[in-house]
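Source file: model-v1.csv; contents: CSV, C-alpha atoms.
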chain,number,residue,atom,x,y,z
A,218,MET,CA,14.0,-32.3,-33.6
A,219,ILE,CA,10.4,-33.1,-32.9
A,220,SER,CA,9.4,-36.3,-34.7
A,221,THR,CA,5.9,-36.2,-36.1
A,222,SER,CA,5.8,-39.9,-36.9
A,223,SER,CA,5.8,-41.1,-33.3
A,224,LYS,CA,2.6,-43.1,-32.7
A,225,GLN,CA,2.5,-42.6,-29.0
A,226,ASN,CA,2.5,-38.8,-29.3
A,227,GLN,CA,-0.4,-38.5,-31.9
A,228,ASP,CA,-3.5,-36.7,-30.8
A,229,SER,CA,-4.7,-38.8,-27.9
A,230,HIS,CA,-6.8,-36.0,-26.3
A,231,SER,CA,-8.6,-32.9,-27.3
A,232,PRO,CA,-6.0,-30.0,-27.2
A,233,VAL,CA,-6.7,-27.0,-24.9
A,234,GLN,CA,-8.4,-24.1,-26.6
A,235,SER,CA,-7.3,-20.5,-26.4
A,236,ARG,CA,-9.3,-18.5,-23.8
A,237,TRP,CA,-9.3,-15.1,-22.1
A,238,THR,CA,-6.9,-14.8,-19.3
A,239,VAL,CA,-6.3,-12.5,-16.4
A,240,TRP,CA,-3.6,-10.8,-18.4
A,241,ASP,CA,-6.2,-9.9,-21.2
A,242,GLY,CA,-8.5,-8.4,-18.5
A,243,SER,CA,-5.7,-6.5,-16.8
A,244,LEU,CA,-4.7,-5.0,-20.2
A,245,ALA,CA,-8.2,-3.9,-20.9
A,246,CYS,CA,-8.6,-2.4,-17.4
A,247,PHE,CA,-5.3,-0.6,-17.6
A,248,LEU,CA,-6.0,0.9,-21.1
A,249,THR,CA,-9.4,2.1,-19.8
A,250,LEU,CA,-7.7,3.8,-16.9
A,251,VAL,CA,-5.0,5.4,-19.0
A,252,GLY,CA,-7.6,6.6,-21.5
A,253,PHE,CA,-9.6,8.2,-18.7
A,254,ILE,CA,-6.6,9.9,-17.3
A,255,TYR,CA,-5.4,11.1,-20.7
A,256,PHE,CA,-8.7,12.6,-21.8
A,257,GLN,CA,-9.4,14.1,-18.3
A,258,TYR,CA,-6.1,15.9,-18.1
A,259,ARG,CA,-5.1,16.4,-21.7
A,260,SER,CA,-5.6,20.2,-21.5
A,261,PHE,CA,-3.0,20.2,-18.6
A,262,LEU,CA,-0.4,18.5,-20.7
A,263,PRO,CA,2.4,20.5,-22.3
A,264,LEU,CA,2.1,20.9,-26.1
A,265,ARG,CA,5.1,18.5,-26.6
A,266,VAL,CA,5.2,15.6,-24.2
A,267,PRO,CA,8.6,13.7,-23.7
A,268,THR,CA,8.1,10.2,-24.9
A,269,HIS,CA,11.7,8.9,-25.3
A,270,PHE,CA,14.6,9.2,-22.8
A,271,ASN,CA,18.3,8.3,-22.9
A,272,ILE,CA,20.1,6.1,-20.5
A,273,HIS,CA,20.4,9.0,-18.0
A,274,GLY,CA,16.7,9.7,-18.0
A,275,ILE,CA,17.0,12.9,-20.1
A,276,ALA,CA,14.3,13.4,-22.7
A,277,ASP,CA,15.5,13.2,-26.3
A,278,GLY,CA,12.2,12.6,-28.1
A,279,TRP,CA,8.8,14.3,-27.9
A,280,THR,CA,5.2,13.7,-29.2
A,281,SER,CA,2.4,16.3,-29.4
A,282,ARG,CA,-0.3,16.0,-26.8
A,283,GLU,CA,-2.9,15.5,-29.6
A,284,HIS,CA,-1.1,12.4,-30.8
A,285,LEU,CA,-0.1,11.1,-27.4
A,286,GLY,CA,-3.4,9.2,-27.1
A,287,TRP,CA,-2.6,7.1,-30.2
A,288,LEU,CA,0.7,6.2,-28.7
A,289,LEU,CA,-0.5,5.3,-25.2
A,290,LEU,CA,-3.7,3.4,-26.3
A,291,GLY,CA,-3.1,2.5,-29.9
A,292,LEU,CA,0.3,0.8,-29.7
A,293,PRO,CA,-0.5,-1.7,-26.9
A,294,SER,CA,-3.9,-2.4,-28.6
A,295,LEU,CA,-2.3,-3.0,-32.0
A,296,LEU,CA,0.4,-5.2,-30.4
A,297,TRP,CA,-2.3,-7.3,-28.7
A,298,LEU,CA,-4.3,-7.7,-31.9
A,299,PHE,CA,-1.1,-8.7,-33.8
A,300,MET,CA,-0.1,-11.3,-31.2
A,301,THR,CA,-3.7,-12.6,-31.0
A,302,GLY,CA,-3.7,-13.1,-34.8
A,303,VAL,CA,-0.3,-14.8,-34.7
A,304,SER,CA,-1.7,-17.3,-32.1
A,305,PHE,CA,-4.0,-18.7,-34.7
A,306,LEU,CA,-1.2,-19.7,-36.9
A,307,ARG,CA,-0.2,-23.3,-36.7
A,308,SER,CA,1.9,-25.9,-38.4
A,309,PRO,CA,0.1,-28.7,-40.3
A,310,HIS,CA,2.4,-31.2,-38.5
A,311,GLU,CA,1.6,-29.9,-35.1
A,312,LEU,CA,0.8,-32.6,-32.5
A,313,SER,CA,-1.8,-32.3,-29.7
A,314,TRP,CA,0.8,-31.6,-26.9
A,315,GLN,CA,2.5,-29.0,-29.1
A,316,LYS,CA,-0.7,-27.1,-29.6
A,317,ASP,CA,-1.3,-27.3,-25.8
A,318,ILE,CA,2.1,-25.6,-25.3
A,319,ARG,CA,1.6,-23.0,-28.1
A,320,VAL,CA,-1.9,-22.0,-26.7
A,321,THR,CA,-0.7,-21.9,-23.1
A,322,ILE,CA,2.2,-19.6,-24.0
A,323,GLY,CA,0.3,-17.5,-26.5
A,324,GLU,CA,-2.8,-16.8,-24.4
A,325,LYS,CA,-0.6,-15.3,-21.6
A,326,ILE,CA,2.2,-13.7,-23.6
A,327,ARG,CA,-0.3,-11.7,-25.7
A,328,GLY,CA,-1.5,-9.9,-22.6
A,329,VAL,CA,1.8,-9.7,-20.7
A,330,ILE,CA,3.9,-7.9,-23.4
A,331,PRO,CA,1.3,-5.3,-24.4
A,332,LEU,CA,0.5,-4.6,-20.8
A,333,GLY,CA,4.2,-4.1,-20.0
A,334,ILE,CA,4.7,-1.9,-23.0
A,335,GLY,CA,1.6,0.1,-22.0
A,336,ILE,CA,2.9,0.6,-18.4
A,337,MET,CA,6.3,1.7,-19.7
A,338,LEU,CA,4.7,4.3,-22.2
A,339,SER,CA,2.2,5.7,-19.7
A,340,GLY,CA,4.7,5.7,-16.9
A,341,THR,CA,7.3,7.7,-18.8
A,342,THR,CA,4.9,10.2,-20.3
A,343,LEU,CA,2.1,10.8,-17.7
A,344,LEU,CA,3.7,10.1,-14.3
A,345,PRO,CA,6.4,12.7,-14.6
A,346,ILE,CA,3.7,15.4,-15.0
A,347,PHE,CA,2.4,14.5,-11.5
A,348,TYR,CA,5.4,13.0,-9.7
A,349,ASP,CA,9.1,13.5,-9.6
A,350,PHE,CA,10.8,10.1,-9.9
A,351,SER,CA,13.7,8.3,-11.7
A,352,ILE,CA,12.6,7.1,-15.1
A,353,PRO,CA,15.6,4.7,-15.6
A,354,LYS,CA,14.7,3.0,-12.2
A,355,PHE,CA,11.0,2.9,-13.2
A,356,LEU,CA,11.9,1.2,-16.5
A,357,PHE,CA,14.2,-1.2,-14.8
A,358,VAL,CA,11.6,-2.3,-12.3
A,359,VAL,CA,8.9,-2.7,-15.0
A,360,SER,CA,11.2,-4.6,-17.2
A,361,GLY,CA,12.1,-6.9,-14.3
A,362,PHE,CA,8.4,-7.7,-13.7
A,363,ILE,CA,7.9,-8.4,-17.5
A,364,PHE,CA,10.8,-10.8,-17.7
A,365,MET,CA,9.7,-12.5,-14.5
A,366,ALA,CA,6.2,-13.1,-15.9
A,367,ILE,CA,7.6,-14.4,-19.1
A,368,PHE,CA,10.0,-16.7,-17.2
A,369,LEU,CA,7.1,-18.2,-15.2
A,370,ILE,CA,5.1,-18.7,-18.4
A,371,LEU,CA,7.9,-20.5,-20.1
A,372,TYR,CA,8.6,-22.5,-17.0
A,373,GLN,CA,5.0,-23.7,-17.0
A,374,ALA,CA,5.3,-24.6,-20.7
A,375,ASN,CA,8.5,-26.5,-20.1
A,376,LYS,CA,6.7,-28.8,-17.7
A,377,MET,CA,4.1,-29.6,-20.4
A,378,ILE,CA,6.8,-31.1,-22.7
A,379,PRO,CA,6.6,-34.9,-22.9
A,380,THR,CA,9.4,-36.6,-20.9
A,381,GLU,CA,11.2,-38.0,-24.0
A,382,TYR,CA,11.7,-34.4,-25.3
A,383,ARG,CA,12.0,-32.5,-22.1
A,384,ASP,CA,15.8,-33.0,-21.6
A,385,HIS,CA,16.4,-31.3,-24.9
A,386,TYR,CA,14.5,-28.1,-24.1
A,387,ARG,CA,15.1,-25.3,-21.6
A,388,PHE,CA,12.0,-23.3,-20.8
A,389,GLY,CA,10.4,-24.5,-24.0
A,390,VAL,CA,12.6,-22.2,-26.1
A,391,ILE,CA,16.3,-23.3,-26.1
A,392,TYR,CA,16.9,-26.6,-27.9
A,393,ASN,CA,20.1,-28.6,-27.2
A,394,ASN,CA,20.3,-32.1,-28.5
A,395,PRO,CA,23.8,-33.5,-29.5
A,396,ARG,CA,22.2,-36.6,-31.1
A,397,ASP,CA,20.2,-34.4,-33.5
A,398,PRO,CA,22.5,-33.5,-36.5
A,399,SER,CA,20.4,-30.6,-37.6
A,400,VAL,CA,21.4,-27.0,-36.8
A,401,TRP,CA,18.0,-25.5,-37.6
A,402,VAL,CA,15.0,-27.4,-36.1
A,403,HIS,CA,11.3,-26.8,-35.8
A,404,ARG,CA,10.2,-24.9,-32.7
A,405,ILE,CA,8.5,-26.6,-29.8
A,406,GLY,CA,5.1,-25.4,-31.1
A,407,GLY,CA,5.8,-26.7,-34.6
A,408,MET,CA,5.7,-23.1,-36.1
A,409,GLY,CA,9.0,-21.6,-37.3
A,410,LEU,CA,12.6,-22.6,-36.7
A,411,THR,CA,15.1,-22.4,-33.9
A,412,LEU,CA,18.7,-23.3,-33.4
A,413,ASN,CA,20.1,-26.5,-32.0
A,414,PHE,CA,22.7,-25.1,-29.5
A,415,ALA,CA,24.5,-28.5,-29.2
A,416,HIS,CA,26.4,-27.5,-32.4
A,417,LYS,CA,29.0,-24.8,-32.7
A,418,LYS,CA,27.5,-23.6,-36.0
A,419,ALA,CA,24.4,-22.5,-34.0
A,420,TYR,CA,26.4,-19.9,-32.1
A,421,ALA,CA,27.8,-18.6,-35.4
A,422,TRP,CA,24.3,-18.2,-36.7
A,423,LEU,CA,23.3,-16.5,-33.5
A,424,MET,CA,26.1,-14.0,-33.7
A,425,LEU,CA,25.2,-13.3,-37.4
A,426,LEU,CA,21.5,-12.7,-36.5
A,427,LEU,CA,22.4,-10.4,-33.7
A,428,PHE,CA,25.0,-8.5,-35.7
A,429,VAL,CA,22.7,-7.6,-38.6
A,430,PRO,CA,20.2,-5.5,-36.6
A,431,PHE,CA,23.0,-4.0,-34.6
A,432,LEU,CA,24.7,-2.8,-37.8
A,433,ILE,CA,21.4,-1.4,-39.1
A,434,ILE,CA,20.8,0.5,-35.9
A,435,LEU,CA,24.4,1.8,-35.9
A,436,LEU,CA,24.1,3.0,-39.5
A,437,VAL,CA,20.7,4.7,-38.8
A,438,ASN,CA,22.1,6.5,-35.8
A,439,GLN,CA,25.2,7.6,-37.7
A,440,ARG,CA,23.0,9.1,-40.4
A,441,PHE,CA,21.0,11.1,-38.0
A,442,ILE,CA,24.0,12.3,-36.0
A,443,ASN,CA,25.8,13.5,-39.2
For this file, write the structure as structure tokens.
Amino acid sequence: MISTSSKQNQDSHSPVQSRWTVWDGSLACFLTLVGFIYFQYRSFLPLRVPTHFNIHGIADGWTSREHLGWLLLGLPSLLWLFMTGVSFLRSPHELSWQKDIRVTIGEKIRGVIPLGIGIMLSGTTLLPIFYDFSIPKFLFVVSGFIFMAIFLILYQANKMIPTEYRDHYRFGVIYNNPRDPSVWVHRIGGMGLTLNFAHKKAYAWLMLLLFVPFLIILLVNQRFIN
């Protein structure tokens, strides 16, 4: 657990401030391009555009072409706004180095994830109209780039953790400290909680947290099938 009473880790320098990154600029340029293509070729789109595909790449969900613009442009934009708002939240016990990490991660993730979602949405809805390609392979490649970008961001954040805490964190996310008796601990950025995976109870909690949404999805799917 991060101790907030350590004298040597009190604010000794001015924390970095959130700023615009290349990811924010890339997202803005990408949405501008998608908006231009959509409004330029909207009349050529079918009345119902496939927007969801099963694991075999076969369409099983559609959206009208009039509402497609809200999906392609609105969803990534709203996600960016939400993640930008979340980045302003902070813990009152947050130390200077914790804020550095939170800002470093937040200012990049807020562009990476909406950009990845936008590429997936536009790629699976607009590209098939002009090109014949494998949608599952496309989603696999895009997902790989997204996870690689997130991995590099977390790797950078991990190097910003002070030496005395670094051995207990993996990529700034996974906490493992056998000397800490707590199962639930504060996140590296001071906001929210995470599990201490040095204890067996943490894995039980993880299975429970994964099982609940899986059960909800299963029940919803059963209702629609029946």
Residue neighbourhood Phe355 (chain A), 12 Å, only C-alpha atoms, exclusion window fewer than 5 positions, as a PyMOL selection string
chain A and resi 274+333+336-342+344-345+349-350+360-362
For Thr249 (chain A), list every protein, DNA or RNA residue within 10 Å, evaluated using only C-alpha atoms, and leave out those in the same chain fewer than 6 positions away; present the list as a list in words.
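Skipping anything fewer than 6 positions along the chain leaves Ser243, Tyr255 and Leu290 of chain A.
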Computed gap from CA of Leu332 (chain A) to CA of Gln257 (chain A) is 21.3 Å
Rank A:Ala415, A:Ile318, A:Val266, A:Val400 by their smallest atom-to-atom distance to Leu288 (chain A), using only C-alpha atoms, and report the top residue only.
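Result for the nearest residue to Leu288 (chain A): A:Val266.
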Nearest to Leu285 (chain A): which of A:Ala366, A:Leu262, A:Ile391, A:Val429 is it, counting all atoms listed in the file?
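Once distances to Leu285 (chain A) are computed over all atoms listed in the file, the minimum belongs to A:Leu262.
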Report, in Å to a single decimal, how far apart CA of Gln315 (chain A) and CA of Asn413 (chain A) are.
18.0 Å
What is the CA of Gly328 (chain A) to CA of Gly252 (chain A) distance in Å?
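Going from CA of Gly328 (chain A) over to CA of Gly252 (chain A) covers 17.6 Å.
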Restricting the calculation to only C-alpha atoms: of A:Met377, A:Leu432, A:Leu295, A:Ile322, which residue gets closest to Arg236 (chain A)?
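Once distances to Arg236 (chain A) are computed over only C-alpha atoms, the minimum belongs to A:Ile322.
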Shortest contact to Trp314 (chain A), candidates A:Ala421, A:Ile433, A:Ile378, A:Leu427, atoms counted only C-alpha atoms, goes to A:Ile378
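Residues having any atom no farther than 10 Å from (-2.8, 19.7, -28.2) (counting only C-alpha atoms) are A:Arg259, A:Ser260, A:Phe261, A:Leu262, A:Pro263, A:Leu264, A:Arg265, A:Val266, A:Ser281, A:Arg282, A:Glu283, A:His284, A:Leu285.
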Would you mind telling me which residue in A:Tyr386, A:Phe431, A:Thr280, A:Val320 lies nearest to Tyr372 (chain A) when using all atoms listed in the file?
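Ranked by minimum distance to Tyr372 (chain A), first place goes to A:Tyr386.
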Starting from the incomplete input, reconstruct N, CA, C and O atoms of region 405-429 of chain A and report them as a PDB file, in the coordinates of the input.
ATOM      1  N   ILE A 405       9.239 -25.728 -30.643  1.00  0.00           N
ATOM      2  CA  ILE A 405       8.500 -26.600 -29.800  1.00  0.00           C
ATOM      3  C   ILE A 405       7.003 -26.648 -30.201  1.00  0.00           C
ATOM      4  O   ILE A 405       6.325 -27.664 -30.093  1.00  0.00           O
ATOM      5  N   GLY A 406       6.491 -25.494 -30.660  1.00  0.00           N
ATOM      6  CA  GLY A 406       5.100 -25.400 -31.100  1.00  0.00           C
ATOM      7  C   GLY A 406       4.863 -25.816 -32.497  1.00  0.00           C
ATOM      8  O   GLY A 406       3.726 -25.802 -32.971  1.00  0.00           O
ATOM      9  N   GLY A 407       5.930 -26.205 -33.210  1.00  0.00           N
ATOM     10  CA  GLY A 407       5.800 -26.700 -34.600  1.00  0.00           C
ATOM     11  C   GLY A 407       5.805 -25.538 -35.614  1.00  0.00           C
ATOM     12  O   GLY A 407       5.851 -25.783 -36.814  1.00  0.00           O
ATOM     13  N   MET A 408       5.763 -24.288 -35.200  1.00  0.00           N
ATOM     14  CA  MET A 408       5.700 -23.100 -36.100  1.00  0.00           C
ATOM     15  C   MET A 408       7.050 -22.404 -36.074  1.00  0.00           C
ATOM     16  O   MET A 408       7.490 -21.972 -35.018  1.00  0.00           O
ATOM     17  N   GLY A 409       7.698 -22.291 -37.249  1.00  0.00           N
ATOM     18  CA  GLY A 409       9.000 -21.600 -37.300  1.00  0.00           C
ATOM     19  C   GLY A 409      10.137 -22.470 -36.952  1.00  0.00           C
ATOM     20  O   GLY A 409       9.990 -23.663 -36.665  1.00  0.00           O
ATOM     21  N   LEU A 410      11.337 -21.864 -36.972  1.00  0.00           N
ATOM     22  CA  LEU A 410      12.600 -22.600 -36.700  1.00  0.00           C
ATOM     23  C   LEU A 410      13.332 -22.024 -35.539  1.00  0.00           C
ATOM     24  O   LEU A 410      13.161 -20.854 -35.198  1.00  0.00           O
ATOM     25  N   THR A 411      14.164 -22.836 -34.951  1.00  0.00           N
ATOM     26  CA  THR A 411      15.100 -22.400 -33.900  1.00  0.00           C
ATOM     27  C   THR A 411      16.388 -23.127 -34.058  1.00  0.00           C
ATOM     28  O   THR A 411      16.510 -24.018 -34.900  1.00  0.00           O
ATOM     29  N   LEU A 412      17.371 -22.757 -33.264  1.00  0.00           N
ATOM     30  CA  LEU A 412      18.700 -23.300 -33.400  1.00  0.00           C
ATOM     31  C   LEU A 412      18.916 -24.477 -32.402  1.00  0.00           C
ATOM     32  O   LEU A 412      18.373 -24.464 -31.295  1.00  0.00           O
ATOM     33  N   ASN A 413      19.714 -25.442 -32.831  1.00  0.00           N
ATOM     34  CA  ASN A 413      20.100 -26.500 -32.000  1.00  0.00           C
ATOM     35  C   ASN A 413      21.494 -26.135 -31.365  1.00  0.00           C
ATOM     36  O   ASN A 413      22.524 -26.247 -32.026  1.00  0.00           O
ATOM     37  N   PHE A 414      21.507 -25.684 -30.122  1.00  0.00           N
ATOM     38  CA  PHE A 414      22.700 -25.100 -29.500  1.00  0.00           C
ATOM     39  C   PHE A 414      23.712 -26.192 -29.078  1.00  0.00           C
ATOM     40  O   PHE A 414      24.692 -25.869 -28.407  1.00  0.00           O
ATOM     41  N   ALA A 415      23.469 -27.433 -29.467  1.00  0.00           N
ATOM     42  CA  ALA A 415      24.500 -28.500 -29.200  1.00  0.00           C
ATOM     43  C   ALA A 415      25.590 -28.426 -30.242  1.00  0.00           C
ATOM     44  O   ALA A 415      26.615 -29.092 -30.074  1.00  0.00           O
ATOM     45  N   HIS A 416      25.407 -27.629 -31.302  1.00  0.00           N
ATOM     46  CA  HIS A 416      26.400 -27.500 -32.400  1.00  0.00           C
ATOM     47  C   HIS A 416      27.025 -26.145 -32.395  1.00  0.00           C
ATOM     48  O   HIS A 416      26.341 -25.145 -32.161  1.00  0.00           O
ATOM     49  N   LYS A 417      28.310 -26.073 -32.702  1.00  0.00           N
ATOM     50  CA  LYS A 417      29.000 -24.800 -32.700  1.00  0.00           C
ATOM     51  C   LYS A 417      28.493 -23.870 -33.812  1.00  0.00           C
ATOM     52  O   LYS A 417      28.522 -22.650 -33.673  1.00  0.00           O
ATOM     53  N   LYS A 418      27.986 -24.446 -34.913  1.00  0.00           N
ATOM     54  CA  LYS A 418      27.500 -23.600 -36.000  1.00  0.00           C
ATOM     55  C   LYS A 418      26.263 -22.776 -35.525  1.00  0.00           C
ATOM     56  O   LYS A 418      26.007 -21.700 -36.061  1.00  0.00           O
ATOM     57  N   ALA A 419      25.545 -23.271 -34.530  1.00  0.00           N
ATOM     58  CA  ALA A 419      24.400 -22.500 -34.000  1.00  0.00           C
ATOM     59  C   ALA A 419      24.806 -21.195 -33.428  1.00  0.00           C
ATOM     60  O   ALA A 419      24.131 -20.180 -33.595  1.00  0.00           O
ATOM     61  N   TYR A 420      25.947 -21.169 -32.751  1.00  0.00           N
ATOM     62  CA  TYR A 420      26.400 -19.900 -32.100  1.00  0.00           C
ATOM     63  C   TYR A 420      26.902 -18.943 -33.201  1.00  0.00           C
ATOM     64  O   TYR A 420      26.775 -17.726 -33.039  1.00  0.00           O
ATOM     65  N   ALA A 421      27.452 -19.475 -34.295  1.00  0.00           N
ATOM     66  CA  ALA A 421      27.800 -18.600 -35.400  1.00  0.00           C
ATOM     67  C   ALA A 421      26.613 -17.960 -36.034  1.00  0.00           C
ATOM     68  O   ALA A 421      26.617 -16.760 -36.341  1.00  0.00           O
ATOM     69  N   TRP A 422      25.560 -18.756 -36.208  1.00  0.00           N
ATOM     70  CA  TRP A 422      24.300 -18.200 -36.700  1.00  0.00           C
ATOM     71  C   TRP A 422      23.734 -17.163 -35.788  1.00  0.00           C
ATOM     72  O   TRP A 422      23.228 -16.121 -36.221  1.00  0.00           O
ATOM     73  N   LEU A 423      23.801 -17.431 -34.486  1.00  0.00           N
ATOM     74  CA  LEU A 423      23.300 -16.500 -33.500  1.00  0.00           C
ATOM     75  C   LEU A 423      24.007 -15.158 -33.560  1.00  0.00           C
ATOM     76  O   LEU A 423      23.382 -14.086 -33.525  1.00  0.00           O
ATOM     77  N   MET A 424      25.335 -15.201 -33.650  1.00  0.00           N
ATOM     78  CA  MET A 424      26.100 -14.000 -33.700  1.00  0.00           C
ATOM     79  C   MET A 424      25.767 -13.190 -34.998  1.00  0.00           C
ATOM     80  O   MET A 424      25.661 -11.960 -34.969  1.00  0.00           O
ATOM     81  N   LEU A 425      25.560 -13.913 -36.113  1.00  0.00           N
ATOM     82  CA  LEU A 425      25.200 -13.300 -37.400  1.00  0.00           C
ATOM     83  C   LEU A 425      23.825 -12.587 -37.247  1.00  0.00           C
ATOM     84  O   LEU A 425      23.637 -11.439 -37.677  1.00  0.00           O
ATOM     85  N   LEU A 426      22.862 -13.291 -36.646  1.00  0.00           N
ATOM     86  CA  LEU A 426      21.500 -12.700 -36.500  1.00  0.00           C
ATOM     87  C   LEU A 426      21.491 -11.533 -35.580  1.00  0.00           C
ATOM     88  O   LEU A 426      20.672 -10.629 -35.759  1.00  0.00           O
ATOM     89  N   LEU A 427      22.376 -11.504 -34.597  1.00  0.00           N
ATOM     90  CA  LEU A 427      22.400 -10.400 -33.700  1.00  0.00           C
ATOM     91  C   LEU A 427      23.215  -9.190 -34.318  1.00  0.00           C
ATOM     92  O   LEU A 427      22.915  -8.021 -34.050  1.00  0.00           O
ATOM     93  N   PHE A 428      24.190  -9.515 -35.160  1.00  0.00           N
ATOM     94  CA  PHE A 428      25.000  -8.500 -35.700  1.00  0.00           C
ATOM     95  C   PHE A 428      24.291  -7.642 -36.775  1.00  0.00           C
ATOM     96  O   PHE A 428      24.472  -6.419 -36.842  1.00  0.00           O
ATOM     97  N   VAL A 429      23.437  -8.276 -37.564  1.00  0.00           N
ATOM     98  CA  VAL A 429      22.700  -7.600 -38.600  1.00  0.00           C
ATOM     99  C   VAL A 429      21.869  -6.425 -38.109  1.00  0.00           C
ATOM    100  O   VAL A 429      21.997  -5.278 -38.555  1.00  0.00           O
TER     101      VAL A 429
END
